[in-house]
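Text of entry.txt (compact mmCIF, C-alpha atoms) as supplied:
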```txt
# COMPACT_ATOMS: atom_id res chain seq x y z
CA MET G 136 123.87 211.68 -116.17
CA LYS G 137 126.84 213.62 -117.49
CA GLY G 138 125.67 217.09 -116.64
CA SER G 139 124.72 218.72 -113.40
CA LEU G 140 121.25 217.15 -113.39
CA GLY G 141 122.82 213.71 -112.97
CA ARG G 142 124.99 214.91 -110.12
CA LYS G 143 121.94 216.39 -108.40
CA LEU G 144 120.01 213.15 -108.81
CA ILE G 145 122.82 211.19 -107.10
CA ARG G 146 122.18 213.16 -103.89
CA PHE G 147 118.72 211.65 -103.77
CA ARG G 148 119.78 208.03 -104.17
CA LEU G 149 118.26 207.04 -100.83
CA LEU G 150 114.97 208.59 -101.89
CA PHE G 151 115.05 206.56 -105.11
CA GLN G 152 115.64 203.40 -103.08
CA ALA G 153 112.82 204.29 -100.68
CA PHE G 154 110.50 204.96 -103.61
CA PHE G 155 111.20 201.55 -105.15
CA PHE G 156 110.87 199.88 -101.73
CA ALA G 157 107.39 201.40 -101.40
CA LEU G 158 106.53 200.50 -104.99
CA PHE G 159 107.40 196.83 -104.43
CA ASN G 160 105.42 196.75 -101.17
CA LEU G 161 102.16 198.34 -102.19
CA ASP G 162 99.88 195.76 -100.59
CA ALA G 163 100.02 197.07 -97.02
CA ALA G 164 96.36 196.07 -96.56
CA THR G 165 97.32 192.39 -96.51
CA PHE G 166 99.81 192.92 -93.72
CA LEU G 167 97.28 194.92 -91.70
CA ARG G 168 94.79 192.07 -92.18
CA SER G 169 97.50 189.65 -91.15
CA ILE G 170 98.03 191.57 -87.90
CA GLN G 171 94.29 191.79 -87.21
CA GLN G 172 93.69 188.10 -87.82
CA LYS G 173 97.01 187.07 -86.19
CA LYS G 174 97.61 184.83 -89.15
CA ALA G 175 100.41 184.66 -91.72
CA LEU G 176 98.92 186.14 -94.89
CA ILE G 177 100.80 187.26 -97.98
CA SER G 178 99.70 189.35 -100.94
CA GLN G 179 97.76 187.43 -103.59
CA VAL G 180 97.92 189.97 -106.41
CA SER G 181 98.43 188.64 -109.94
CA SER G 182 101.36 191.01 -110.55
CA LYS G 183 103.40 188.50 -108.54
CA GLN G 184 103.96 186.54 -111.74
CA PHE G 185 106.54 189.23 -112.60
CA CYS G 186 109.92 189.67 -110.97
CA ILE G 187 111.41 192.43 -108.86
CA PRO G 188 114.69 193.87 -110.17
CA GLY G 189 116.34 193.27 -106.79
CA LEU G 190 116.42 190.99 -103.78
CA HIS G 191 113.06 190.97 -102.01
CA CYS G 192 111.24 187.91 -100.72
CA TYR G 193 107.87 187.16 -102.27
CA SER G 194 106.69 185.85 -98.93
CA CYS G 195 106.98 189.39 -97.60
CA PRO G 196 103.31 190.09 -96.71
CA MET G 197 103.18 193.33 -98.71
CA SER G 198 105.24 192.34 -101.75
CA VAL G 199 103.43 192.74 -105.07
CA LEU G 200 106.18 191.20 -107.21
CA SER G 201 108.29 188.04 -107.03
CA CYS G 202 111.89 187.54 -105.99
CA PRO G 203 113.83 186.61 -109.17
CA LEU G 204 116.23 184.34 -107.24
CA GLY G 205 113.45 182.47 -105.46
CA SER G 206 111.53 182.09 -108.73
CA LEU G 207 114.66 180.86 -110.50
CA GLN G 208 115.34 178.22 -107.85
CA PHE G 209 111.74 177.01 -107.90
CA TRP G 210 111.84 176.82 -111.68
CA LEU G 211 115.14 174.91 -111.75
CA ASN G 212 113.76 172.46 -109.22
CA ASP G 213 110.62 172.15 -111.33
CA VAL G 214 112.78 171.43 -114.39
CA ASN G 215 114.49 168.66 -112.42
CA GLU G 216 111.13 167.12 -111.45
CA ARG G 217 109.69 167.38 -114.96
CA ILE G 218 112.75 165.72 -116.51
CA ARG G 219 112.44 162.89 -113.99
CA PHE G 220 108.78 162.36 -114.79
CA ARG G 221 109.30 163.07 -118.51
CA GLU G 222 106.90 165.98 -118.59
CA ARG G 223 107.02 169.10 -120.74
CA ILE G 224 109.26 171.80 -119.21
CA ASN G 225 107.61 175.11 -118.40
CA SER G 226 109.43 177.89 -120.28
CA ALA G 227 108.56 180.49 -117.63
CA GLY G 228 112.15 180.32 -116.38
CA LEU G 229 113.36 181.80 -119.68
CA TYR G 230 111.52 184.95 -118.68
CA ILE G 231 113.46 185.12 -115.39
CA ILE G 232 116.85 184.55 -117.08
CA GLY G 233 116.00 187.01 -119.88
CA PHE G 234 114.76 189.59 -117.37
CA LEU G 235 117.94 189.42 -115.25
CA SER G 236 120.24 189.35 -118.30
CA LEU G 237 118.46 192.31 -119.90
CA ILE G 238 119.01 194.41 -116.78
CA GLY G 239 122.63 193.22 -116.58
CA ILE G 240 123.52 194.04 -120.17
CA THR G 241 121.89 197.46 -120.12
CA VAL G 242 122.99 198.86 -116.74
CA GLY G 243 125.15 196.21 -115.01
CA ARG G 244 124.79 196.43 -111.23
CA LEU G 245 123.07 199.82 -111.24
CA PHE G 246 119.92 198.29 -109.70
CA CYS G 247 122.01 197.06 -106.73
CA GLY G 248 122.83 200.64 -105.89
CA TRP G 249 119.56 202.31 -106.74
CA VAL G 250 116.66 199.85 -106.60
CA CYS G 251 117.37 196.76 -104.47
CA PRO G 252 115.26 196.82 -101.25
CA PHE G 253 117.89 194.89 -99.29
CA GLY G 254 120.49 197.39 -100.47
CA LEU G 255 118.38 200.11 -98.85
CA VAL G 256 118.32 198.16 -95.58
CA GLN G 257 122.12 197.87 -95.67
CA ASP G 258 122.60 201.56 -96.45
CA LEU G 259 120.24 202.69 -93.69
CA ILE G 260 121.83 200.48 -91.03
CA ASN G 261 125.30 201.61 -92.03
CA LYS G 262 124.23 205.24 -91.57
CA ILE G 263 124.21 204.61 -87.78
CA THR G 264 127.99 204.29 -87.63
CA GLY G 265 129.12 205.40 -91.09
CA LYS G 266 132.02 202.95 -90.86
CA ASN G 267 133.28 200.99 -93.83
CA LEU G 268 135.88 198.43 -92.86
CA LYS G 269 137.70 196.71 -95.70
CA LEU G 270 136.89 193.00 -95.92
CA PRO G 271 139.43 190.39 -97.07
CA ARG G 272 139.58 190.32 -100.87
CA PHE G 273 138.89 186.59 -101.16
CA LEU G 274 135.41 187.01 -99.63
CA ARG G 275 134.19 188.72 -102.80
CA TYR G 276 134.42 185.38 -104.63
CA PHE G 277 132.12 183.70 -102.11
CA LYS G 278 129.04 185.13 -103.84
CA TYR G 279 129.92 183.31 -107.06
CA VAL G 280 130.08 180.04 -105.12
CA ILE G 281 126.64 180.82 -103.65
CA LEU G 282 125.27 181.56 -107.13
CA VAL G 283 126.61 178.40 -108.73
CA VAL G 284 126.05 176.00 -105.83
CA PHE G 285 122.98 177.18 -103.92
CA VAL G 286 120.99 179.01 -106.60
CA ILE G 287 121.71 176.90 -109.69
CA SER G 288 123.27 173.49 -109.02
CA LEU G 289 121.48 172.24 -105.91
CA PRO G 290 117.93 173.14 -107.06
CA LEU G 291 118.67 171.78 -110.55
CA PHE G 292 120.42 168.54 -109.67
CA ILE G 293 119.27 167.52 -106.21
CA SER G 294 115.91 165.89 -106.04
CA ASP G 295 115.05 164.75 -102.58
CA VAL G 296 112.02 163.08 -101.05
CA ARG G 297 112.28 165.79 -98.42
CA TYR G 298 111.41 168.74 -100.64
CA ILE G 299 113.91 171.60 -100.38
CA GLY G 300 113.67 173.48 -103.69
CA PRO G 301 115.04 176.93 -102.96
CA TRP G 302 118.31 176.08 -101.18
CA PHE G 303 119.58 179.64 -101.02
CA CYS G 304 116.27 180.88 -99.59
CA LYS G 305 116.10 178.08 -97.08
CA TYR G 306 119.63 178.15 -95.69
CA ILE G 307 121.09 181.57 -96.37
CA CYS G 308 118.91 184.48 -97.57
CA PRO G 309 118.85 187.11 -94.79
CA ALA G 310 116.51 189.29 -96.88
CA GLY G 311 113.79 186.62 -96.65
CA THR G 312 114.27 186.25 -92.91
CA LEU G 313 114.08 189.99 -92.35
CA MET G 314 111.30 190.96 -94.76
CA ALA G 315 109.15 187.84 -94.56
CA GLY G 316 110.22 185.50 -91.76
CA ILE G 317 110.28 187.90 -88.82
CA PRO G 318 107.04 189.81 -89.65
CA LEU G 319 105.13 186.57 -90.22
CA LEU G 320 106.57 184.85 -87.15
CA ALA G 321 105.64 187.92 -85.14
CA VAL G 322 101.95 187.76 -86.09
CA ASP G 323 101.35 184.01 -86.33
CA GLU G 324 101.45 181.88 -83.18
CA GLY G 325 101.23 178.67 -85.23
CA LEU G 326 104.35 179.57 -87.21
CA ARG G 327 106.26 180.33 -84.03
CA GLN G 328 105.41 176.88 -82.73
CA ALA G 329 106.60 175.33 -86.01
CA ALA G 330 109.93 177.14 -85.75
CA SER G 331 112.90 174.79 -85.66
CA GLY G 332 116.68 174.74 -85.71
CA ILE G 333 116.65 176.12 -89.26
CA THR G 334 114.68 179.16 -88.07
CA ILE G 335 117.31 179.84 -85.39
CA PHE G 336 120.10 179.23 -87.92
CA LYS G 337 118.59 181.70 -90.40
CA ILE G 338 117.95 184.32 -87.73
CA SER G 339 121.59 183.92 -86.61
CA ILE G 340 122.76 184.56 -90.18
CA LEU G 341 120.51 187.62 -90.32
CA VAL G 342 121.87 188.99 -87.02
CA LEU G 343 125.43 188.38 -88.24
CA PHE G 344 124.74 190.38 -91.39
CA LEU G 345 122.88 193.16 -89.56
CA VAL G 346 125.88 193.61 -87.26
CA SER G 347 128.26 193.51 -90.24
CA PHE G 348 126.28 196.31 -91.95
CA LEU G 349 127.20 198.56 -89.02
CA PHE G 350 130.89 198.13 -89.71
CA SER G 351 131.13 197.53 -93.44
CA ARG G 352 128.91 199.11 -96.07
CA ARG G 353 127.10 196.66 -98.31
CA SER G 354 128.84 193.65 -96.76
CA PHE G 355 126.09 191.34 -98.09
CA CYS G 356 126.52 192.73 -101.62
CA LYS G 357 130.29 192.38 -101.32
CA THR G 358 130.37 188.81 -100.12
CA THR G 359 127.13 186.88 -100.54
CA CYS G 360 124.53 188.28 -102.96
CA PRO G 361 124.10 185.91 -105.93
CA LEU G 362 122.04 188.49 -107.80
CA GLY G 363 124.86 191.01 -107.55
CA ALA G 364 127.29 188.29 -108.62
CA TYR G 365 125.24 187.67 -111.78
CA TRP G 366 124.77 191.34 -112.66
CA GLY G 367 128.43 192.01 -111.86
CA LEU G 368 129.41 189.69 -114.72
CA PHE G 369 127.90 192.26 -117.09
CA ASN G 370 129.57 195.36 -115.61
CA LYS G 371 132.47 195.36 -118.04
CA ILE G 372 130.31 194.94 -121.15
CA SER G 373 127.03 196.65 -120.25
CA PHE G 374 125.76 199.58 -122.28
CA LEU G 375 126.16 201.78 -119.23
CA GLN G 376 129.89 202.26 -118.63
CA LEU G 377 131.74 204.46 -116.20
CA LYS G 378 134.73 206.21 -117.69
CA VAL G 379 137.60 208.00 -116.05
CA ASP G 380 139.35 210.64 -118.10
CA LYS G 381 142.98 210.24 -117.07
CA ASN G 382 143.85 213.61 -118.61
CA THR G 383 141.34 215.42 -116.46
CA CYS G 384 141.87 213.35 -113.30
CA ILE G 385 144.05 215.10 -110.71
CA ASN G 386 144.57 211.90 -108.67
CA CYS G 387 143.04 213.39 -105.54
CA GLY G 388 141.75 209.94 -104.52
CA LYS G 389 138.34 211.19 -103.37
CA CYS G 390 136.57 208.62 -105.54
CA ASP G 391 138.42 205.76 -103.79
CA GLU G 392 137.60 207.22 -100.37
CA VAL G 393 133.83 207.33 -100.94
CA CYS G 394 133.51 204.00 -102.78
CA PRO G 395 131.40 201.69 -100.56
CA MET G 396 132.92 198.66 -102.30
CA HIS G 397 136.54 199.74 -101.68
CA LEU G 398 137.39 199.91 -105.38
CA LYS G 399 140.24 201.75 -106.98
CA VAL G 400 137.88 203.67 -109.21
CA ARG G 401 140.57 205.19 -111.44
CA GLU G 402 141.97 201.74 -112.25
CA GLU G 403 138.80 199.67 -112.49
CA PRO G 404 135.73 201.89 -112.96
CA ASN G 405 133.68 198.97 -114.29
CA SER G 406 134.76 196.32 -111.83
CA PRO G 407 132.22 193.49 -111.27
CA GLU G 408 132.11 194.69 -107.66
CA CYS G 409 130.88 198.18 -108.56
CA ILE G 410 127.23 198.67 -107.53
CA ARG G 411 127.09 201.93 -109.50
CA CYS G 412 125.93 204.01 -106.59
CA LEU G 413 127.76 206.80 -108.44
CA ALA G 414 129.20 208.29 -105.25
CA CYS G 415 132.53 208.63 -107.10
CA LEU G 416 130.89 210.63 -109.84
CA LYS G 417 129.38 212.93 -107.24
CA VAL G 418 132.59 213.73 -105.36
CA CYS G 419 134.97 214.10 -108.29
CA PRO G 420 136.07 217.76 -108.15
CA VAL G 421 137.08 217.90 -111.82
CA ARG G 422 134.31 215.73 -113.21
CA ALA G 423 136.77 213.24 -114.64
CA ILE G 424 134.31 210.36 -114.04
CA THR G 425 131.42 210.22 -116.48
CA PHE G 426 129.18 207.81 -118.33
CA ASN G 427 129.85 206.39 -121.78
CA ALA G 428 129.96 209.61 -123.77
CA LYS G 429 133.21 211.41 -124.29
CA THR G 430 134.29 213.02 -121.06
CA ASP G 431 133.82 216.72 -120.90
CA ARG G 432 137.26 217.96 -120.11
CA LEU G 433 137.21 220.98 -117.96
CA PRO G 434 140.77 222.30 -117.98
CA GLU G 435 139.87 225.55 -116.30
CA LEU G 436 138.14 223.73 -113.44
CA ARG G 437 141.12 221.38 -113.17
CA LYS G 438 143.50 224.30 -113.01
CA LYS G 439 141.35 226.02 -110.38
CA THR G 440 141.24 222.85 -108.21
CA ARG G 441 145.03 222.47 -108.43
CA GLU G 442 145.46 226.09 -107.38
CA THR G 443 143.14 225.57 -104.41
CA ALA G 444 145.02 222.41 -103.43
CA THR G 445 148.35 224.18 -103.43
CA MET N 14 134.22 192.98 -130.48
CA LYS N 15 132.91 194.17 -127.13
CA ARG N 16 130.23 196.17 -128.93
CA TRP N 17 129.04 193.14 -130.88
CA LEU N 18 129.04 190.98 -127.78
CA ARG N 19 126.97 193.61 -126.04
CA TYR N 20 124.35 193.68 -128.79
CA CYS N 21 124.30 189.87 -129.09
CA ILE N 22 123.61 189.51 -125.36
CA LEU N 23 120.96 192.23 -125.54
CA VAL N 24 119.13 190.50 -128.38
CA PHE N 25 119.50 187.07 -126.77
CA SER N 26 118.17 188.39 -123.44
CA MET N 27 115.18 189.95 -125.17
CA LEU N 28 114.49 186.73 -127.03
CA LEU N 29 114.61 184.77 -123.76
CA LEU N 30 112.30 187.28 -122.10
CA ILE N 31 109.81 187.20 -124.95
CA ALA N 32 109.96 183.40 -125.24
CA GLY N 33 109.34 183.09 -121.51
CA LEU N 34 106.39 185.48 -121.59
CA TRP N 35 104.92 183.99 -124.74
CA LYS N 36 105.49 180.27 -124.40
CA GLY N 37 105.97 179.93 -120.67
CA ASP N 38 103.19 179.63 -118.16
CA LEU N 39 103.98 182.38 -115.67
CA LEU N 40 100.83 181.69 -113.68
CA GLU N 41 101.94 178.11 -113.09
CA GLY N 42 105.68 178.71 -113.11
CA ILE N 43 105.93 181.74 -110.85
CA LEU N 44 102.59 183.00 -109.55
CA ARG N 45 101.46 179.69 -108.04
CA LYS N 46 104.58 179.60 -105.88
CA ALA N 47 104.54 183.32 -105.15
CA VAL N 48 101.02 183.51 -103.72
CA ASN N 49 101.55 180.56 -101.40
CA LEU N 50 103.54 181.12 -98.25
CA CYS N 51 107.07 179.87 -98.86
CA TYR N 52 107.95 178.12 -95.61
CA GLU N 53 111.53 177.57 -96.78
CA CYS N 54 111.97 181.29 -97.46
CA ILE N 55 110.91 182.30 -93.97
CA GLY N 56 112.97 179.58 -92.30
CA ILE N 57 110.23 177.13 -91.33
CA GLY N 58 110.21 173.55 -92.48
```

Will you turn the file into structure tokens for me?
Amino acid sequence: MKGSLGRKLIRFRLLFQAFFFALFNLDAATFLRSIQQKKALISQVSSKQFCIPGLHCYSCPMSVLSCPLGSLQFWLNDVNERIRFRERINSAGLYIIGFLSLIGITVGRLFCGWVCPFGLVQDLINKITGKNLKLPRFLRYFKYVILVVFVISLPLFISDVRYIGPWFCKYICPAGTLMAGIPLLAVDEGLRQAASGITIFKISILVLFLVSFLFSRRSFCKTTCPLGAYWGLFNKISFLQLKVDKNTCINCGKCDEVCPMHLKVREEPNSPECIRCLACLKVCPVRAITFNAKTDRLPELRKKTRETAT
Amino acid sequence: MKRWLRYCILVFSMLLLIAGLWKGDLLEGILRKAVNLCYECIGIG
């Protein structure tokens, strides 16, 4: 990614995202059948035992893989039940934790920027206005609360006669409402009749986020996404590291201007908030931002840029 | 230190992944939920 090939690839980030979106939603036939039969049908392929490296509901009619967060919550709730009834715990959850940790330690939040289907939705909606308002700093910590409370603690510790299981999916996840809830409610009359206050609540959350995407890029990733919160923990120690060569940097500030997450790239290139969209790497006129390997100092280019600036 | 931590987490993650795939029942643990409509996920129920 250090050379010009990497910089060229960054231009096609949206295409990468679209490609992965299509790859995760290969079973279009099921959705067509669902429309024809006017019945909520979802893909039944066996590949759904494996997780998507991003946020994408497995109740999306076309999805051929499983949402790692949904699977994790179901598993934690299953652990709770099995402990209560003194049954053997299914180790399938180790796969989910290992899968997410392996991605985190190798590339940090790179998949947020390049693969996540809900990230694509956010980027496309934001293209309408192109605005990126700065959100209050404290909101970035909200996603850690969501991760610890809704994704881990409640499914693991609360066991109710009224089955809830995936708390985050049920009360918050706008990706599930958009990709699964709305398409299925649109085709199935029975589901529409079963809709309740929770449906309206979840649709309200979705609308709130959709509007926020118009004014702030990746507002869901910044404030709420538990998957991003988990992967962000690895950003500082992952194998993939962004580096800023202070000797080459001319402090033009272009990297800070393009950063969708409002980071001071020169000061914290591997912040937990960085989704590694690599926009900073693309705009840097002196190529001071690179990956891991020693930065290729380009003094002549630096000199040229300074001359142009003056 | 950071380098060692990095490798330790990498190995541990791989072990978890392999243990989950080998000893865990993915069909029961994930697939069974994933092929049934999740009413909670879509905001019903």

Report task. Tell me, as a list of chain:residue names, which residues lie within 8 Å of Ser406 of chain G, counting only C-alpha atoms; anything in the same chain fewer than 6 positions away does not count. Result -> G:Gly367, G:Asn370, G:Lys371, G:Leu398

**Report entry** Shell around Gly33 of chain N at 9 Å using only C-alpha atoms, local window under 4 positions removed, as a PyMOL selection string
**Finding:** (chain G and resi 225-233) or (chain N and resi 28-29+37-39)

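If all atoms listed in the file are the atoms counted, then among G:Ser288, G:Gln328, G:Ser373, G:Gln172 the closest residue to chain N is G:Ser373.
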
Query raised in the report: So how many Å separate atom CA of Cys251 of chain G and atom CA of Leu40 of chain N, to one decimal?
Result: 24.2 Å

Residues proximal to (96.9, 197.6, -96.8) were defined as those with any atom within 12 Å of that point in the file's coordinates, counting only C-alpha atoms. Which are they, as a CSV table (one decimal) with C-alpha atoms, in the frame of the given file?
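As a result, selection.csv now contains:
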```csv
chain,number,residue,atom,x,y,z
G,160,ASN,CA,105.4,196.8,-101.2
G,161,LEU,CA,102.2,198.3,-102.2
G,162,ASP,CA,99.9,195.8,-100.6
G,163,ALA,CA,100.0,197.1,-97.0
G,164,ALA,CA,96.4,196.1,-96.6
G,165,THR,CA,97.3,192.4,-96.5
G,166,PHE,CA,99.8,192.9,-93.7
G,167,LEU,CA,97.3,194.9,-91.7
G,168,ARG,CA,94.8,192.1,-92.2
G,169,SER,CA,97.5,189.6,-91.2
G,170,ILE,CA,98.0,191.6,-87.9
G,171,GLN,CA,94.3,191.8,-87.2
G,176,LEU,CA,98.9,186.1,-94.9
G,177,ILE,CA,100.8,187.3,-98.0
G,178,SER,CA,99.7,189.4,-100.9
G,196,PRO,CA,103.3,190.1,-96.7
G,197,MET,CA,103.2,193.3,-98.7
G,198,SER,CA,105.2,192.3,-101.8
G,199,VAL,CA,103.4,192.7,-105.1
```

Requested in this report: Considering all atoms listed in the file, extract the chain N residues located within 7 Å of chain G and return them as a PyMOL selection string.
Outcome: chain N and resi 15+19+22-23+26-27+29-34+36-40+42-44+47-48+50-51+53-57
